[in-house]
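Read the structure below first, then the notes.
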Amino acid sequence: MKYIGFFLLSSFLLVTACSRQSDEVFDQFFLRNGKADLFVEINGNIASKVFFIYLHGGPGGGASSYNSGFFADEMEKDYAMVYLDQRGNGASQGNNTQEDLTIAQNSEDIFALARLLQARYGEDISIFLAGHSWGGLTSAHALIFTDIQDILKGWIEMNGAHDFVKNDIEVIKMFQRLGQEEVDQDNNLDFWEPVLERVNEMDTLNISGEESGYLNDKAFEAESLFDLADEETGGFAYPLYAAPDISLATLAANGAVNLILNDDSEQYALTDQLRLIEIPSLLLWGKYDFVVPPAIGESGFAQLGSAEKELIIYERSGHSPMSNEAIQFTEDVKAFIERHK
Amino acid sequence: MLTFGPDDHLLPHLSSLDNGTPHLIMMKLNLNIPFTGLGLLLLFLCTPEAYSQTSRPMLDTSNGLSERITGIRIGLWAENGLHPGLRVGTSYILSEKEKNRSALFKALRKRRASQQKIIQYLADGNVGFYTHPNNHVGAYGGIGLTRMQTNATKLRTLGLSVELNYLRRTYNIPTLELNSDGTISEIGGAGTNSFIIALAPSFGKLFGGGQGKREKHIYVKPQVQLIGYDFGLFPNAAIELGMSFGSK
């Protein structure tokens, strides 16, 4: 009998020892939209009545990756940060089929979240929509194909991949231009020479999936070869056992959704449709972003229909300027919000 | 795999998720390490024994139900090795036989004592729960089939189970729904259901027993699972550290 008691006591202690995030979580819920249960966490200054919906990269990423560090911590002091795991991503789950995992349905989710925030926190709140990387595509898609602009104060795109087709072409051009400069200066020849040889053989009118994967893979590697700033303070949003999106099944599902949503994302070359975005917009890019080159931001900026728009290129940043030049990046985002809230 | 996500340094503990290749490696590990381990285990279990042996059935078929049901099992359960829970179960002995093995050669027989092994086939019943903080509480129940080999000389056990469980995940944070009139409803007891197919080796040690006392069996039982999650079937894992009482 004492053994049963030991096991029961141990179990009780283990179960009750589980805590939530170490810093205070203000609101956390699943938003049910159709068959999807979307994981949402809201941290920070809810009293400010400014809500910043932050869409993660991927596909197959998760908001918990963005829920810590300098930018998140500083933003949470002044605003309510709304971290959404987009459908099929992170800790979001439900009873979906693969057919439910589309960019179009994802946009309906984002719109539903914005309306839910209004219903939960009041019609007088100010909502901004931000997306990093793949989140740039999903946020742009929501702005263009739903009525979400009616209830938003502004859009912030951070190194956003709003045009998959154009993106591959610009990555090749960037590799050719900066890669040749590096070769001319005898920098990291082991990396640049074979990469240049490979990209020079690519037909920009017919880039295969395998070539696209190669470019994406080498892009992350390439930016690490430059002298980028690193102002990230790091940190973990959760202890491992309490992280909402950590389990093998979740990681495997996130891996599988990458393929599904990448295929769907390739249908949307949104550059030309950015003229339909009319709310104030801020585009933020790292100069050395080989994953989504600054040229994507520049062409997007030119097409934007917003009367108030701004493009900022960070000179010592790659794909994540909110990490590389965190201080200036945070100041720029806050200044934009203060102007338009 | 194309990935447009944050850099490594942005998410120290999840960087592998967003930069492509490492994630693929993780997937490979998920699939290969458990299956490789299980493959080796199966190979070990199926290797023809290089001993002479005699075997005889032990179970008297005239025994009643109570004779065939083993004692209760109770175990600490960790879904993915991280999310704690508890599991209880019992087993029904389908068949049982004893093997006495001694070395083939005389020279070896002098050095190695004969070993007595008991091989049982068990039908198992299990129920359990675990909690995944900030996500859900899982409650499950199901059946299994186990081949349990007990080395009566060394008092060690080696088992292999195939299980089929039904899992109910109940979210442990609120689930909200936006109604068409713009109001919010909270859905009570929201969650998802799925089946779990599992393959689980177990390694144990018998102790106690004798002098009229009931025998105890402590074991560790890792599981590789195929589990329904969101839009498909995906690999998962769990581990059980347990004890059975009055084991047969």
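Each chain in the structure tokens gets a letter, A, B and so on, in the order shown; residues start at 1 in every chain, and ligands are counted from 1 in the order they appear.
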How close does chain A get to chain B? List, as CSV, each residue of chain A within 7 Å, its nearest atom pair and the distance in Å to one decimal, counting only C-alpha atoms.
residue,atom,partner,partner_atom,distance
A:Phe7,CA,B:Leu76,CA,6.9
A:Ser11,CA,B:Gly85,CA,6.2
A:Leu14,CA,B:Pro84,CA,6.1
A:Val15,CA,B:Pro84,CA,5.9
A:Cys18,CA,B:Pro133,CA,6.4
A:Arg20,CA,B:Asn134,CA,6.6
A:Gln28,CA,B:Ile173,CA,6.7
A:Phe29,CA,B:Pro174,CA,4.9
A:Phe30,CA,B:Thr175,CA,4.5
A:Leu31,CA,B:Leu176,CA,5.0
A:Arg32,CA,B:Glu177,CA,5.1
A:Asn33,CA,B:Glu177,CA,6.8
A:Gly57,CA,B:Gly5,CA,4.0
A:Gly58,CA,B:Phe4,CA,4.8
A:Pro59,CA,B:Thr3,CA,6.3
A:Gly61,CA,B:Asp18,CA,5.8
A:Ser65,CA,B:Leu11,CA,5.2
A:Gln93,CA,B:Asp230,CA,4.9
A:Gly94,CA,B:Asp230,CA,4.9
A:Asn95,CA,B:Asp230,CA,5.1
A:Asn96,CA,B:Phe231,CA,4.7
A:Thr97,CA,B:Phe231,CA,4.6
A:Gln98,CA,B:Phe231,CA,5.9
A:Leu116,CA,B:Leu178,CA,6.2
A:Ala119,CA,B:Thr183,CA,6.2
A:Ser133,CA,B:Phe4,CA,5.2
A:Trp134,CA,B:Phe4,CA,5.1
A:Gly213,CA,B:Leu2,CA,5.4
A:Asn216,CA,B:Leu2,CA,6.1
A:Asp217,CA,B:Gly20,CA,6.8
A:Gly234,CA,B:Leu10,CA,6.7
A:Tyr241,CA,B:Leu82,CA,5.1
A:Ala242,CA,B:Pro133,CA,4.9
A:Ala243,CA,B:Asn134,CA,7.0
A:Pro244,CA,B:Asn134,CA,5.2
A:Ser247,CA,B:Asn80,CA,6.1
A:Leu248,CA,B:Asn236,CA,5.0
A:Ala249,CA,B:Asn236,CA,5.0
A:Ala252,CA,B:Phe234,CA,6.2
A:Ala253,CA,B:Phe234,CA,6.6
A:Asn258,CA,B:Met1,CA,6.8
A:Leu259,CA,B:Met1,CA,6.4
A:Asn262,CA,B:Leu2,CA,6.9
A:Val291,CA,B:Phe4,CA,6.9
A:His319,CA,B:Asp7,CA,6.6
A:Ser320,CA,B:Pro6,CA,5.9
A:Ser323,CA,B:Leu10,CA,6.0
Please list as a PDB file with C-alpha atoms, in the first residue's frame every residue within 9 Å of range 37-50 of chain A, counting only C-alpha atoms and excluding residues in the same chain fewer than 5 positions away.
ATOM      1  CA  GLU A  24       2.574  36.949 -16.184  1.00  0.00           C
ATOM      2  CA  VAL A  25       0.182  35.706 -18.852  1.00  0.00           C
ATOM      3  CA  PHE A  26      -2.742  38.017 -19.150  1.00  0.00           C
ATOM      4  CA  ASP A  27      -4.944  36.041 -21.453  1.00  0.00           C
ATOM      5  CA  GLN A  28      -4.666  32.711 -23.137  1.00  0.00           C
ATOM      6  CA  PHE A  29      -7.300  30.832 -25.071  1.00  0.00           C
ATOM      7  CA  PHE A  30      -8.137  28.727 -28.087  1.00  0.00           C
ATOM      8  CA  LEU A  31     -10.154  30.543 -30.723  1.00  0.00           C
ATOM      9  CA  ARG A  32     -12.415  28.046 -32.450  1.00  0.00           C
ATOM     10  CA  ALA A  63       4.166  32.275 -31.977  1.00  0.00           C
ATOM     11  CA  ASN A  67       7.088  35.541 -27.326  1.00  0.00           C
ATOM     12  CA  ASP A  73       9.519  42.410 -23.741  1.00  0.00           C
ATOM     13  CA  MET A  75       6.531  46.011 -26.691  1.00  0.00           C
ATOM     14  CA  GLU A  76       4.657  44.295 -23.871  1.00  0.00           C
ATOM     15  CA  LYS A  77       5.471  47.200 -21.570  1.00  0.00           C
ATOM     16  CA  ASP A  78       3.430  49.571 -23.701  1.00  0.00           C
ATOM     17  CA  TYR A  79       0.991  47.411 -25.645  1.00  0.00           C
ATOM     18  CA  ALA A  80      -0.941  44.161 -25.551  1.00  0.00           C
ATOM     19  CA  MET A  81       0.955  41.682 -27.718  1.00  0.00           C
ATOM     20  CA  VAL A  82      -1.328  39.123 -29.335  1.00  0.00           C
ATOM     21  CA  TYR A  83       0.547  35.959 -30.291  1.00  0.00           C
ATOM     22  CA  LEU A  84      -1.418  33.764 -32.668  1.00  0.00           C
ATOM     23  CA  ASP A  85      -0.417  30.290 -33.762  1.00  0.00           C
ATOM     24  CA  GLN A  86      -1.835  30.211 -37.266  1.00  0.00           C
ATOM     25  CA  ARG A  87      -3.856  27.142 -38.273  1.00  0.00           C
ATOM     26  CA  GLY A  88      -1.804  23.976 -38.470  1.00  0.00           C
ATOM     27  CA  ASN A  89       1.105  25.796 -36.828  1.00  0.00           C
ATOM     28  CA  GLY A  90       2.507  25.863 -33.308  1.00  0.00           C
ATOM     29  CA  ALA A  91       0.027  24.746 -30.681  1.00  0.00           C
ATOM     30  CA  SER A  92      -3.036  25.320 -32.866  1.00  0.00           C
ATOM     31  CA  GLN A  93      -4.921  22.123 -33.523  1.00  0.00           C
ATOM     32  CA  GLY A  94      -8.475  20.882 -33.990  1.00  0.00           C
ATOM     33  CA  ASN A  95     -10.167  18.463 -36.323  1.00  0.00           C
ATOM     34  CA  ASP A 109      -8.937  33.195 -38.809  1.00  0.00           C
ATOM     35  CA  LEU A 113      -9.310  37.114 -34.099  1.00  0.00           C
ATOM     36  CA  TYR A 121     -11.816  44.212 -24.994  1.00  0.00           C
ATOM     37  CA  GLY A 122     -14.095  46.860 -26.474  1.00  0.00           C
ATOM     38  CA  ASP A 124     -12.531  51.392 -28.862  1.00  0.00           C
ATOM     39  CA  ILE A 125      -9.295  49.395 -28.901  1.00  0.00           C
ATOM     40  CA  SER A 126      -6.646  50.046 -31.568  1.00  0.00           C
ATOM     41  CA  ILE A 127      -5.498  46.958 -33.431  1.00  0.00           C
ATOM     42  CA  PHE A 128      -2.339  46.657 -35.504  1.00  0.00           C
ATOM     43  CA  PRO A 244       2.203  24.748 -25.369  1.00  0.00           C
ATOM     44  CA  ILE A 337       2.023  52.857 -33.443  1.00  0.00           C
ATOM     45  CA  LYS A 341      -3.167  54.419 -32.772  1.00  0.00           C
TER      46      LYS A 341
ATOM     47  CA  ASN B 135      -2.585  23.065 -23.781  1.00  0.00           C
ATOM     48  CA  THR B 175     -11.984  27.869 -25.857  1.00  0.00           C
ATOM     49  CA  LEU B 176     -13.783  30.857 -27.334  1.00  0.00           C
ATOM     50  CA  GLY B 191     -10.959  19.345 -27.039  1.00  0.00           C
TER      51      GLY B 191
END
For the structure I just gave you, how does DSSP split range 33-90 of chain A - specifically, which residues are alpha helix (DSSP H)? Reply as a PyMOL selection string. chain A and resi 70-78
Can those selected residues be exported to a file as a PDB file, in the first residue's frame so that it contains C-alpha atoms?
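In the end it all went to selection.pdb:
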ATOM      1  CA  PHE A  70      14.038  42.307 -26.289  1.00  0.00           C
ATOM      2  CA  PHE A  71      11.418  43.295 -28.855  1.00  0.00           C
ATOM      3  CA  ALA A  72       8.617  41.287 -27.253  1.00  0.00           C
ATOM      4  CA  ASP A  73       9.519  42.410 -23.741  1.00  0.00           C
ATOM      5  CA  GLU A  74       9.722  46.080 -24.664  1.00  0.00           C
ATOM      6  CA  MET A  75       6.531  46.011 -26.691  1.00  0.00           C
ATOM      7  CA  GLU A  76       4.657  44.295 -23.871  1.00  0.00           C
ATOM      8  CA  LYS A  77       5.471  47.200 -21.570  1.00  0.00           C
ATOM      9  CA  ASP A  78       3.430  49.571 -23.701  1.00  0.00           C
TER      10      ASP A  78
END
Residue contacts of Ile279 in chain A (9 Å, only C-alpha atoms) excluding same-chain residues fewer than 5 positions away, as a compact mmCIF listing (two decimals) with N, CA and C atoms, in the first residue's frame:
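So the final result, stored in selection.txt, reads:
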# COMPACT_ATOMS: atom_id res chain seq x y z
N GLN A 149 -9.21 45.40 -42.90
CA GLN A 149 -8.68 46.77 -42.92
C GLN A 149 -9.63 47.75 -42.23
N ASP A 150 -10.92 47.42 -42.25
CA ASP A 150 -11.91 48.32 -41.64
C ASP A 150 -11.70 48.47 -40.14
N LEU A 152 -8.58 47.82 -38.55
CA LEU A 152 -7.16 47.94 -38.18
C LEU A 152 -6.69 49.38 -38.26
N LYS A 153 -5.69 49.69 -37.43
CA LYS A 153 -5.08 51.01 -37.47
C LYS A 153 -3.82 51.02 -38.34
N GLY A 154 -3.25 49.86 -38.54
CA GLY A 154 -2.04 49.84 -39.35
C GLY A 154 -1.51 48.44 -39.57
N TRP A 155 -0.61 48.34 -40.56
CA TRP A 155 0.03 47.05 -40.91
C TRP A 155 1.54 47.22 -40.83
N GLY A 305 -0.97 50.76 -51.58
CA GLY A 305 -1.97 51.80 -51.80
C GLY A 305 -2.09 52.77 -50.64
N SER A 306 -1.35 52.54 -49.57
CA SER A 306 -1.47 53.37 -48.37
C SER A 306 -0.97 54.79 -48.65
N ALA A 307 -1.72 55.75 -48.13
CA ALA A 307 -1.26 57.14 -48.24
C ALA A 307 -0.10 57.38 -47.28
N GLU A 308 -0.14 56.69 -46.16
CA GLU A 308 0.94 56.82 -45.19
C GLU A 308 1.70 55.51 -45.14
N LYS A 309 2.90 55.53 -45.69
CA LYS A 309 3.68 54.30 -45.74
C LYS A 309 5.16 54.64 -45.57
CA of Thr250 in chain A to CA of Ser64 in chain A: how many Å, to one decimal?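 Distance between the two atoms: 13.1 Å.
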For Lys205 in chain B, work out the shell of residues within 7 Å, counting only C-alpha atoms and skipping chain neighbours fewer than 4 positions away, then give it as a count of residues only. 6
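Atom to atom, CA of Arg275 in chain A and CA of Ile103 in chain A stand 19.4 Å apart.
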I'd like the contact shell of Asn165 in chain B - 6 Å cut-off, only C-alpha atoms, skipping same-chain residues fewer than 5 positions apart - returned as an NGL selection string. :B and (141-142 or 195-196)
Could you dump the residues just selected with C-alpha atoms as a PDB file, in the first residue's frame?
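And here is the file that came out, out-v1.pdb:
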ATOM      1  CA  GLY B 141      -8.031   4.005 -22.055  1.00  0.00           C
ATOM      2  CA  GLY B 142      -7.401   0.973 -24.153  1.00  0.00           C
ATOM      3  CA  PHE B 195      -6.748   6.848 -31.360  1.00  0.00           C
ATOM      4  CA  ILE B 196      -3.228   5.958 -30.327  1.00  0.00           C
TER       5      ILE B 196
END
What does the structure give for the distance between CA of Phe145 in chain A and CA of Thr102 in chain A, in Å to one decimal?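 Answer for the CA of Phe145 in chain A to CA of Thr102 in chain A separation: 13.0 Å.
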Which residues, written as an MDAnalysis selection string, have at least one atom at most 12 Å from Leu283 in chain A, with only C-alpha atoms counted and residues fewer than 4 positions away on the same chain left out? chainID A and resid 129:133 136 140 154:162 294:302 304 306 308:314 321 329 332:333 336
If we count only C-alpha atoms, what is near Gln273 in chain A at a cut-off of 9 Å, once residues fewer than 3 positions away on the same chain are taken out, given as a ChimeraX atom specification? /A:144,269-270,276-277,303-305
